[in-house]
Amino acid sequence: MREKKRIGLIFLMVLLVVSMLGGTAVHVRASEDKKVPKVGPLKLNPHPATLEGKTVLLRWNGKYNGDRYLSRLGELITQQAKNVKIIKMWEIDKSTAAIWKRKVFPR
């Protein structure tokens, strides 16, 4: 346990020193033989004036209670707009509803 604390302290000290030095930058240059497509200015599609008669797809990002939040949001949208169809992606495709459990330090 003491060794884990020591390693954590050393890691924090290294992060502090790196942040004080302004961090490090890595420059990657595309090779000359590969053609890299150039991307110009993008034109955004205009937003619809209303959601009436539209289909809205709600996609849960896996955060805690996000499905409840999106369900409530769908209810509010259907109250505000007429003939709107709400699709809850996590109910159709179960693989999109996975919650990512992060383990910082295993016990």
# chains A, B, ... in the order shown; residues from 1 in each chain; ligands from 1
>>> residues_around(residues="Ile87 of chain A", least_positions_apart="2", cutoff="7 Å", atoms="only C-alpha atoms", output="PyMOL selection string")
chain A and resi 56-58+85+89
>>> atom_distance(atom1="atom CA of Glu52 of chain A", atom2="atom CA of Val84 of chain A")
5.5 Å
>>> atom_distance(atom1="atom CA of Trp60 of chain A", atom2="atom CA of Asp93 of chain A")
10.9 Å
>>> closest_residue(among="A:Ala49, A:Val36, A:Ala97, A:Ile7", to="Asp67 of chain A", atoms="only C-alpha atoms")
A:Ala97
>>> atom_distance(atom1="atom CA of Gly74 of chain A", atom2="atom CA of Ile86 of chain A")
6.3 Å
>>> closest_residue(among="A:Thr50, A:Ser71, A:Tyr64, A:Leu44", to="Glu91 of chain A", atoms="only C-alpha atoms")
A:Ser71
>>> decode(residues="segment 77-103 of chain A", atoms="N, CA and C atoms", output="PDB file, in the first residue's frame")
ATOM      1  N   ILE A  77     -40.217  16.711 -25.572  1.00  0.00           N
ATOM      2  CA  ILE A  77     -40.275  17.021 -27.007  1.00  0.00           C
ATOM      3  C   ILE A  77     -41.645  16.670 -27.566  1.00  0.00           C
ATOM      4  N   THR A  78     -42.185  15.507 -27.183  1.00  0.00           N
ATOM      5  CA  THR A  78     -43.502  15.109 -27.701  1.00  0.00           C
ATOM      6  C   THR A  78     -44.609  16.026 -27.185  1.00  0.00           C
ATOM      7  N   GLN A  79     -44.418  16.640 -26.018  1.00  0.00           N
ATOM      8  CA  GLN A  79     -45.399  17.601 -25.514  1.00  0.00           C
ATOM      9  C   GLN A  79     -45.334  18.914 -26.281  1.00  0.00           C
ATOM     10  N   GLN A  80     -44.142  19.290 -26.726  1.00  0.00           N
ATOM     11  CA  GLN A  80     -43.953  20.586 -27.387  1.00  0.00           C
ATOM     12  C   GLN A  80     -44.212  20.537 -28.898  1.00  0.00           C
ATOM     13  N   ALA A  81     -43.883  19.432 -29.540  1.00  0.00           N
ATOM     14  CA  ALA A  81     -44.015  19.341 -30.995  1.00  0.00           C
ATOM     15  C   ALA A  81     -45.053  18.281 -31.355  1.00  0.00           C
ATOM     16  N   LYS A  82     -45.847  18.568 -32.384  1.00  0.00           N
ATOM     17  CA  LYS A  82     -46.878  17.629 -32.824  1.00  0.00           C
ATOM     18  C   LYS A  82     -46.287  16.639 -33.825  1.00  0.00           C
ATOM     19  N   ASN A  83     -46.813  15.439 -33.782  1.00  0.00           N
ATOM     20  CA  ASN A  83     -46.441  14.376 -34.726  1.00  0.00           C
ATOM     21  C   ASN A  83     -44.937  14.116 -34.790  1.00  0.00           C
ATOM     22  N   VAL A  84     -44.251  14.202 -33.671  1.00  0.00           N
ATOM     23  CA  VAL A  84     -42.830  13.908 -33.646  1.00  0.00           C
ATOM     24  C   VAL A  84     -42.647  12.456 -33.218  1.00  0.00           C
ATOM     25  N   LYS A  85     -41.707  11.771 -33.860  1.00  0.00           N
ATOM     26  CA  LYS A  85     -41.441  10.379 -33.525  1.00  0.00           C
ATOM     27  C   LYS A  85     -40.110  10.328 -32.781  1.00  0.00           C
ATOM     28  N   ILE A  86     -40.110   9.754 -31.582  1.00  0.00           N
ATOM     29  CA  ILE A  86     -38.908   9.639 -30.758  1.00  0.00           C
ATOM     30  C   ILE A  86     -38.409   8.201 -30.844  1.00  0.00           C
ATOM     31  N   ILE A  87     -37.144   8.032 -31.194  1.00  0.00           N
ATOM     32  CA  ILE A  87     -36.521   6.709 -31.237  1.00  0.00           C
ATOM     33  C   ILE A  87     -35.436   6.687 -30.163  1.00  0.00           C
ATOM     34  N   LYS A  88     -35.549   5.725 -29.249  1.00  0.00           N
ATOM     35  CA  LYS A  88     -34.541   5.543 -28.208  1.00  0.00           C
ATOM     36  C   LYS A  88     -33.596   4.440 -28.681  1.00  0.00           C
ATOM     37  N   MET A  89     -32.423   4.839 -29.108  1.00  0.00           N
ATOM     38  CA  MET A  89     -31.479   3.910 -29.719  1.00  0.00           C
ATOM     39  C   MET A  89     -31.086   2.781 -28.775  1.00  0.00           C
ATOM     40  N   TRP A  90     -30.944   3.064 -27.489  1.00  0.00           N
ATOM     41  CA  TRP A  90     -30.511   2.036 -26.539  1.00  0.00           C
ATOM     42  C   TRP A  90     -31.565   0.954 -26.342  1.00  0.00           C
ATOM     43  N   GLU A  91     -32.817   1.224 -26.699  1.00  0.00           N
ATOM     44  CA  GLU A  91     -33.854   0.198 -26.614  1.00  0.00           C
ATOM     45  C   GLU A  91     -33.888  -0.666 -27.868  1.00  0.00           C
ATOM     46  N   ILE A  92     -33.470  -0.104 -28.989  1.00  0.00           N
ATOM     47  CA  ILE A  92     -33.466  -0.838 -30.249  1.00  0.00           C
ATOM     48  C   ILE A  92     -32.206  -1.688 -30.374  1.00  0.00           C
ATOM     49  N   ASP A  93     -31.067  -1.076 -30.102  1.00  0.00           N
ATOM     50  CA  ASP A  93     -29.780  -1.766 -30.193  1.00  0.00           C
ATOM     51  C   ASP A  93     -29.141  -1.769 -28.809  1.00  0.00           C
ATOM     52  N   LYS A  94     -29.222  -2.900 -28.133  1.00  0.00           N
ATOM     53  CA  LYS A  94     -28.749  -3.008 -26.749  1.00  0.00           C
ATOM     54  C   LYS A  94     -27.251  -2.740 -26.618  1.00  0.00           C
ATOM     55  N   SER A  95     -26.493  -2.932 -27.683  1.00  0.00           N
ATOM     56  CA  SER A  95     -25.047  -2.716 -27.585  1.00  0.00           C
ATOM     57  C   SER A  95     -24.695  -1.250 -27.389  1.00  0.00           C
ATOM     58  N   THR A  96     -25.608  -0.341 -27.714  1.00  0.00           N
ATOM     59  CA  THR A  96     -25.337   1.080 -27.510  1.00  0.00           C
ATOM     60  C   THR A  96     -25.612   1.515 -26.082  1.00  0.00           C
ATOM     61  N   ALA A  97     -26.154   0.631 -25.251  1.00  0.00           N
ATOM     62  CA  ALA A  97     -26.536   1.001 -23.887  1.00  0.00           C
ATOM     63  C   ALA A  97     -25.517   0.553 -22.854  1.00  0.00           C
ATOM     64  N   ALA A  98     -24.341   0.152 -23.276  1.00  0.00           N
ATOM     65  CA  ALA A  98     -23.343  -0.350 -22.331  1.00  0.00           C
ATOM     66  C   ALA A  98     -22.759   0.794 -21.518  1.00  0.00           C
ATOM     67  N   ILE A  99     -22.663   0.578 -20.234  1.00  0.00           N
ATOM     68  CA  ILE A  99     -22.047   1.564 -19.353  1.00  0.00           C
ATOM     69  C   ILE A  99     -20.591   1.177 -19.197  1.00  0.00           C
ATOM     70  N   TRP A 100     -19.711   2.130 -19.437  1.00  0.00           N
ATOM     71  CA  TRP A 100     -18.285   1.898 -19.313  1.00  0.00           C
ATOM     72  C   TRP A 100     -17.902   2.087 -17.866  1.00  0.00           C
ATOM     73  N   LYS A 101     -17.412   1.037 -17.233  1.00  0.00           N
ATOM     74  CA  LYS A 101     -17.016   1.113 -15.833  1.00  0.00           C
ATOM     75  C   LYS A 101     -15.511   1.271 -15.769  1.00  0.00           C
ATOM     76  N   ARG A 102     -15.083   2.392 -15.286  1.00  0.00           N
ATOM     77  CA  ARG A 102     -13.670   2.710 -15.216  1.00  0.00           C
ATOM     78  C   ARG A 102     -13.118   2.324 -13.864  1.00  0.00           C
ATOM     79  N   LYS A 103     -12.021   1.598 -13.874  1.00  0.00           N
ATOM     80  CA  LYS A 103     -11.347   1.238 -12.628  1.00  0.00           C
ATOM     81  C   LYS A 103     -10.069   2.059 -12.544  1.00  0.00           C
TER      82      LYS A 103
END
